[in-house]
Amino acid sequence: MAEYGIGAADEIARLSLGQQDAAEPEPAPPPNITSPGIVAVDITHKFAQAAKTLAPGELVKDGFFTLFESVSALEIMDPKMDSGCVKPGDEFEELFDVSRALDAQEVLGVMDQLLCHEMSWHLGYPLAQTILTSVYVEALLMPVPSSIEQAYFVRRGNLDANRHPMLLVLRAYCLGMLKVCSYVNERIKSEHFYEEEDFVTNTYHRTLLTNIPTSDVLLTLAEAKAVVASQRGLIDEELVDALTSRLELRWLFLEAVECPQYVKDANKARRLWEEAQAVLPSINATHALSKPVDEAFSAKLQRKLASTMPPRPIVELGFDAAFDHLSRLFADGLEVISVLDYVDSQCLLTFVLTFQAKKPQPLVYVRTLLQTFLFNAMEILGSMSIRQLLDDDFSIISMPASPLLDRGNDEIEVVQDPRFAMSQQMEFFRQRAAQPFLDILRTACQNRSRVRRTLCHTIREWESLQVEAEEIDQVLQVKTKETPLVHRPSMSAPPVESYALPLSSWTYLYKLRQMEWIVQLGFELEVYQPDELGGMYWYLNYLSKSRLQHSERIKGFIVHKTEEARSQPAPMADANADEQLQRSLAYTRLSLLDAAVTWELADALCCVYAVLGRLGLVKPPPRPYSNDELRYDLRMKPFVAVGFPALPNFHQFTAGVAQSESTLQELLEYAERAVAGAKRGFEALSKLSAKESFSVGSHDRWAASVKGALRSTIATGIAVSSVQKALSKQAAEGSHLGIKAEVPTPDKAYHEWWIVPKIVPVAP
């Protein structure tokens, strides 16, 4: 055998059974190097000597041979990893001829296939697996056209193909689609979103026609419609209508994605989406006329893209699914324009929260479009300052008709004047509160998992803000010489003085609401196991009870202020102040009612799950690496930094959830009373008008959510009565309990935040 390291390739080759009887091939002759610039040196002996010093299995790595190059070396010629690997008998280039004449049905087929790929891109798949797999798109984009005149399928050779009517129509459609994709991509990149989770903005060094004016693309679409019209009599009338409707879709979609420029003209922005939506039925009705051209799409085009990712298959999305997504995109795009019709800050917040809670959630482009309307150019909805929005919210929640919000305070320059201190302290608080408040709106525009995760971080900011708000409240209390309210907690107790503390009250209310959202989103996202639901509903009950008590405190000061305003003589009455007070009272009533129904229903479900746990109908799964205290620490981790309301310790939590001092019957009776109270509350909520519920512009969605919660309340009542009957029957007959509990997933529940167990009878 040859020496170690010498002739290794020959020795390995001899191990092949297929070459045992074959004669060894003659070695290739050495290269004939005659260049005077090259001096050949035989290093065989030196290399052999160096190789002998290596132990078996020892690796030699050059310091300049990086990890990236190492991985690349492993990937080369691996069909799963190397996009340039060509299988035997295959071609490196895609050989489809873009100059080939297509008939009208084939053009329809390519258009609908491109539409499917466009919707796949909107769903989060990369361009490399969707639109950029089209040979027609590749022909238009490469080389990069500097003007519309260069954007043709054929740049060299037989240019007569560019004048073929059907190819002209397909070219215009592709140009319109690419321009829309360019606008969508830039809109998404300009706002807050999560790469790879929501959307892939990578264009792989393709420009998507960013340097071609929209007016040129629209002109090309108009010319293509004229070409289609000239084909009447030459092709079927249905095909003419089908091609025309698709060109109109491209025209209208392109105008609709430019709607942010009409942020101050909501009617015009709304009309663009309405017109685009109107053309959709024609496209769906004529899809059957199309003839797919599968060879016009190829994964081989990924080899030309500026990408380090391995080759991936083309995403295949059916037309029906793609059309459903397109219809939803247009419907949501039309609906989001309503956010421009500003009424007040709470209606705006309700709109954003209910819009983003839709199932299925709006596509990422629509969510970023909403962010653009809300925050573009540091203006709220294109016409309001952040101060206006904050002051409007202050006046609704805790400071109706308050001199603290008087714009005239800004004109005071005398330091000793209380109004100077008001202006200075309020401006400081606005600057501190603006970002956390706007973050609520921006956070709501993310995907649901990110909403919960971000809220877990933002409540820390609200905790810090509350400390600062209390300090500012104390300063204003002294400067304005505020008179406290005096009340007696009970007949025997001494009188207690209470100050309004409007800023810290506003902050604390928002902090409580966000803490509740974190828990409620945990139910929606299936964060909690079935045996943990009772504990988390107990904690939700704890939070909503705190919000109810705080709302009652705020209400007391607003009612006192309203009574003071009504006691003023008629000539001194301020109509605007009275309107603000009435609006604030209406919001306080809504807040009290919402907190009360949340408290009651959460309390009822906590009791139901406690009973099911005792009966063994909801059992914890085996957890060899966990215990109750560790899970408690995990679930309460987002709230550890919150000082008030104080976080219950583990023993308080387990005692509150288990309620071991109560019998099964007592727990069920208590749950029954809580369900009855929650039902009355939800029925009252469902009767509120859009103005009373602060849901102007989104009342249908808000009302649907309330009705879903009402159905959950009714289902909870049914579950309670079913368990009561089973226990009574067991006590009377001494038989098997005869029931089982099925815990539904959030998508099967009446409301994602209320997971009501279903009690099902079983045979003994």
# chains A, B, ... in the order shown; residues from 1 in each chain; ligands from 1

call {"tool": "select_by_dssp", "arguments": {"residues": "range 302-510 of chain A", "states": "strand (DSSP E)", "output": "list in words"}}
result
Leu485, Val486, His487, Val496, Glu497 and Ser498 of chain A

call {"tool": "write_last_selection", "arguments": {"atoms": "N, CA and C atoms", "output": "PDB file, in the first residue's frame"}}
result
ATOM      1  N   LEU A 485     -61.752  65.980  48.518  1.00  0.00           N
ATOM      2  CA  LEU A 485     -63.078  65.478  48.825  1.00  0.00           C
ATOM      3  C   LEU A 485     -63.022  64.767  50.177  1.00  0.00           C
ATOM      4  N   VAL A 486     -64.043  64.989  50.988  1.00  0.00           N
ATOM      5  CA  VAL A 486     -64.110  64.352  52.313  1.00  0.00           C
ATOM      6  C   VAL A 486     -65.255  63.357  52.303  1.00  0.00           C
ATOM      7  N   HIS A 487     -64.974  62.123  52.663  1.00  0.00           N
ATOM      8  CA  HIS A 487     -66.027  61.106  52.716  1.00  0.00           C
ATOM      9  C   HIS A 487     -65.735  60.154  53.867  1.00  0.00           C
ATOM     10  N   VAL A 496     -62.345  60.873  55.736  1.00  0.00           N
ATOM     11  CA  VAL A 496     -61.090  60.691  55.005  1.00  0.00           C
ATOM     12  C   VAL A 496     -61.033  61.702  53.876  1.00  0.00           C
ATOM     13  N   GLU A 497     -59.882  62.337  53.719  1.00  0.00           N
ATOM     14  CA  GLU A 497     -59.693  63.282  52.614  1.00  0.00           C
ATOM     15  C   GLU A 497     -59.082  62.559  51.419  1.00  0.00           C
ATOM     16  N   SER A 498     -59.610  62.858  50.244  1.00  0.00           N
ATOM     17  CA  SER A 498     -59.110  62.239  49.008  1.00  0.00           C
ATOM     18  C   SER A 498     -58.845  63.314  47.973  1.00  0.00           C
TER      19      SER A 498
END

call {"tool": "residues_around", "arguments": {"residues": "range 143-150 of chain A", "least_positions_apart": "6", "cutoff": "7 Å", "atoms": "only C-alpha atoms", "output": "PyMOL selection string"}}
result
chain A and resi 211-212+216

call {"tool": "write_last_selection", "arguments": {"atoms": "C-alpha atoms", "output": "mmCIF file, in the first residue's frame"}}
result
data_model
loop_
_atom_site.group_PDB
_atom_site.id
_atom_site.type_symbol
_atom_site.label_atom_id
_atom_site.label_comp_id
_atom_site.auth_asym_id
_atom_site.auth_seq_id
_atom_site.Cartn_x
_atom_site.Cartn_y
_atom_site.Cartn_z
ATOM 1 C CA ASN A 211 -37.339 54.073 -10.855
ATOM 2 C CA ILE A 212 -40.297 54.000 -13.273
ATOM 3 C CA ASP A 216 -46.028 55.579 -17.063
#

call {"tool": "select_by_dssp", "arguments": {"residues": "range 507-685 of chain A", "states": "helix (DSSP H, G or I)", "output": "PyMOL selection string"}}
result
chain A and resi 507-524+530-566+570-572+575-614+628-639+650-658+664-685

call {"tool": "write_last_selection", "arguments": {"atoms": "C-alpha atoms", "output": "short mmCIF file (atom, residue, chain, number, x, y, z; two decimals), in the first residue's frame"}}
result
data_model
loop_
_atom_site.label_atom_id
_atom_site.label_comp_id
_atom_site.auth_asym_id
_atom_site.auth_seq_id
_atom_site.Cartn_x
_atom_site.Cartn_y
_atom_site.Cartn_z
CA THR A 507 -51.83 56.13 34.17
CA TYR A 508 -53.00 53.49 36.63
CA LEU A 509 -56.15 52.77 34.64
CA TYR A 510 -54.15 52.14 31.46
CA LYS A 511 -51.67 49.98 33.34
CA LEU A 512 -54.49 47.82 34.69
CA ARG A 513 -56.06 47.48 31.25
CA GLN A 514 -52.77 46.32 29.75
CA MET A 515 -52.26 43.79 32.54
CA GLU A 516 -55.70 42.38 31.79
CA TRP A 517 -54.91 42.23 28.05
CA ILE A 518 -51.78 40.19 28.77
CA VAL A 519 -53.81 37.58 30.65
CA GLN A 520 -56.64 37.58 28.11
CA LEU A 521 -54.28 37.23 25.16
CA GLY A 522 -52.78 34.27 26.99
CA PHE A 523 -56.15 32.53 26.65
CA GLU A 524 -56.43 33.50 22.99
CA PRO A 530 -56.31 23.39 30.69
CA ASP A 531 -55.44 22.80 34.36
CA GLU A 532 -54.00 26.36 34.58
CA LEU A 533 -57.10 28.12 33.26
CA GLY A 534 -58.75 28.33 36.68
CA GLY A 535 -55.71 30.03 38.18
CA MET A 536 -55.39 32.58 35.38
CA TYR A 537 -59.12 33.38 35.55
CA TRP A 538 -58.65 33.94 39.28
CA TYR A 539 -55.85 36.43 38.55
CA LEU A 540 -57.96 38.11 35.84
CA ASN A 541 -60.72 38.43 38.42
CA TYR A 542 -58.18 40.02 40.79
CA LEU A 543 -57.09 42.58 38.17
CA SER A 544 -60.59 43.47 37.00
CA LYS A 545 -61.70 43.94 40.61
CA SER A 546 -58.84 46.44 41.05
CA ARG A 547 -59.92 48.23 37.86
CA LEU A 548 -63.52 48.35 39.07
CA GLN A 549 -62.50 49.92 42.37
CA HIS A 550 -60.26 52.44 40.61
CA SER A 551 -63.00 53.36 38.13
CA GLU A 552 -65.38 53.96 41.03
CA ARG A 553 -62.83 56.32 42.58
CA ILE A 554 -62.48 58.28 39.34
CA LYS A 555 -66.25 58.39 38.98
CA GLY A 556 -66.60 59.94 42.44
CA PHE A 557 -64.48 62.97 41.48
CA ILE A 558 -66.18 63.39 38.09
CA VAL A 559 -69.64 63.27 39.68
CA HIS A 560 -68.55 65.85 42.26
CA LYS A 561 -67.26 68.12 39.51
CA THR A 562 -70.46 67.68 37.51
CA GLU A 563 -72.57 68.64 40.51
CA GLU A 564 -70.41 71.72 41.02
CA ALA A 565 -70.86 72.74 37.39
CA ARG A 566 -74.63 72.30 37.61
CA ALA A 570 -77.04 79.71 34.14
CA PRO A 571 -75.11 82.74 32.71
CA MET A 572 -71.84 81.25 33.99
CA ALA A 575 -71.66 74.37 27.32
CA ASN A 576 -68.35 72.87 26.24
CA ALA A 577 -67.43 72.01 29.83
CA ASP A 578 -70.81 70.37 30.38
CA GLU A 579 -70.36 68.31 27.21
CA GLN A 580 -66.95 67.13 28.40
CA LEU A 581 -68.32 66.19 31.79
CA GLN A 582 -71.18 64.19 30.27
CA ARG A 583 -68.75 62.41 27.94
CA SER A 584 -66.49 61.57 30.86
CA LEU A 585 -69.41 60.24 32.88
CA ALA A 586 -70.45 58.06 29.94
CA TYR A 587 -66.94 56.63 29.69
CA THR A 588 -66.82 55.99 33.43
CA ARG A 589 -70.11 54.06 33.22
CA LEU A 590 -68.70 51.99 30.34
CA SER A 591 -65.46 51.33 32.23
CA LEU A 592 -67.35 50.26 35.36
CA LEU A 593 -69.63 47.96 33.40
CA ASP A 594 -66.76 46.40 31.46
CA ALA A 595 -64.71 45.81 34.61
CA ALA A 596 -67.74 44.35 36.42
CA VAL A 597 -68.62 41.80 33.72
CA THR A 598 -64.96 40.78 33.43
CA TRP A 599 -64.81 40.29 37.20
CA GLU A 600 -68.04 38.30 37.35
CA LEU A 601 -67.38 35.97 34.41
CA ALA A 602 -63.74 35.38 35.40
CA ASP A 603 -64.91 34.58 38.93
CA ALA A 604 -67.51 32.13 37.61
CA LEU A 605 -65.02 30.32 35.39
CA CYS A 606 -62.49 30.15 38.22
CA CYS A 607 -65.10 28.37 40.36
CA VAL A 608 -66.08 26.03 37.52
CA TYR A 609 -62.49 24.95 36.88
CA ALA A 610 -61.92 24.51 40.63
CA VAL A 611 -64.89 22.12 40.77
CA LEU A 612 -63.77 20.24 37.65
CA GLY A 613 -60.31 19.91 39.14
CA ARG A 614 -61.64 18.45 42.37
CA ASP A 628 -46.84 24.32 40.67
CA GLU A 629 -44.58 26.98 42.13
CA LEU A 630 -42.29 27.11 39.09
CA ARG A 631 -45.31 27.45 36.78
CA TYR A 632 -46.68 30.21 39.00
CA ASP A 633 -43.36 32.07 38.70
CA LEU A 634 -43.46 31.67 34.92
CA ARG A 635 -47.03 32.90 34.52
CA MET A 636 -46.55 35.86 36.84
CA LYS A 637 -43.16 36.89 35.47
CA PRO A 638 -44.60 39.78 33.37
CA PHE A 639 -46.16 41.31 36.51
CA PHE A 650 -47.74 31.68 45.58
CA HIS A 651 -49.61 30.68 48.73
CA GLN A 652 -52.23 33.41 48.26
CA PHE A 653 -52.60 32.37 44.64
CA THR A 654 -53.07 28.67 45.35
CA ALA A 655 -55.48 29.38 48.21
CA GLY A 656 -57.55 31.69 46.04
CA VAL A 657 -57.69 29.20 43.17
CA ALA A 658 -58.39 26.05 45.21
CA LEU A 664 -68.54 21.80 45.63
CA GLN A 665 -72.14 22.94 46.00
CA GLU A 666 -71.08 26.28 47.45
CA LEU A 667 -68.65 26.86 44.62
CA LEU A 668 -71.29 26.03 42.01
CA GLU A 669 -73.88 28.27 43.69
CA TYR A 670 -71.38 31.13 43.78
CA ALA A 671 -70.54 30.54 40.10
CA GLU A 672 -74.26 30.57 39.30
CA ARG A 673 -74.73 33.97 40.93
CA ALA A 674 -71.62 35.33 39.20
CA VAL A 675 -72.87 34.09 35.81
CA ALA A 676 -76.24 35.77 36.38
CA GLY A 677 -74.52 39.08 37.16
CA ALA A 678 -72.21 38.79 34.15
CA LYS A 679 -75.15 38.00 31.88
CA ARG A 680 -77.05 41.10 33.00
CA GLY A 681 -73.93 43.18 32.47
CA PHE A 682 -73.25 41.88 28.96
CA GLU A 683 -76.88 42.37 28.02
CA ALA A 684 -76.61 45.98 29.16
CA LEU A 685 -73.40 46.42 27.19
#

call {"tool": "closest_residue", "arguments": {"among": "A:Ala299, A:Thr350, A:Leu340, A:Asp473", "to": "Asp700 in chain A", "atoms": "only C-alpha atoms"}}
result
A:Thr350

call {"tool": "atom_distance", "arguments": {"atom1": "CA of Ser402 in chain A", "atom2": "CA of Ala433 in chain A"}}
result
18.1 Å

call {"tool": "closest_residue", "arguments": {"among": "A:Asp439, A:Glu461, A:Glu138, A:Glu411", "to": "Cys174 in chain A", "atoms": "only C-alpha atoms"}}
result
A:Glu138

call {"tool": "residues_around", "arguments": {"residues": "Val315 in chain A", "least_positions_apart": "2", "cutoff": "10 Å", "atoms": "only C-alpha atoms", "output": "list in words"}}
result
Cys116, His117, Ser120, Trp121, Tyr125, Pro126, Leu127, Ala128, Gln129, Thr130, Ile131, Thr133, Ala299, Arg312, Pro313, Leu317 and Gly318 of chain A

call {"tool": "write_last_selection", "arguments": {"atoms": "C-alpha atoms", "output": "PDB file, in the first residue's frame"}}
result
ATOM      1  CA  CYS A 116     -51.732  33.520  -6.647  1.00  0.00           C
ATOM      2  CA  HIS A 117     -48.011  34.178  -6.214  1.00  0.00           C
ATOM      3  CA  SER A 120     -48.522  34.090  -1.309  1.00  0.00           C
ATOM      4  CA  TRP A 121     -46.032  36.938  -0.937  1.00  0.00           C
ATOM      5  CA  TYR A 125     -43.454  33.833   1.650  1.00  0.00           C
ATOM      6  CA  PRO A 126     -40.356  35.360   0.003  1.00  0.00           C
ATOM      7  CA  LEU A 127     -40.348  36.750  -3.519  1.00  0.00           C
ATOM      8  CA  ALA A 128     -37.850  34.034  -4.502  1.00  0.00           C
ATOM      9  CA  GLN A 129     -40.575  31.407  -4.067  1.00  0.00           C
ATOM     10  CA  THR A 130     -43.413  33.435  -5.526  1.00  0.00           C
ATOM     11  CA  ILE A 131     -43.351  36.284  -8.013  1.00  0.00           C
ATOM     12  CA  THR A 133     -40.180  32.476 -10.208  1.00  0.00           C
ATOM     13  CA  ALA A 299     -37.408  27.462  -9.441  1.00  0.00           C
ATOM     14  CA  ARG A 312     -36.684  26.220  -2.184  1.00  0.00           C
ATOM     15  CA  PRO A 313     -39.772  24.968  -4.007  1.00  0.00           C
ATOM     16  CA  LEU A 317     -51.462  28.575  -3.580  1.00  0.00           C
ATOM     17  CA  GLY A 318     -54.767  27.649  -5.163  1.00  0.00           C
TER      18      GLY A 318
END
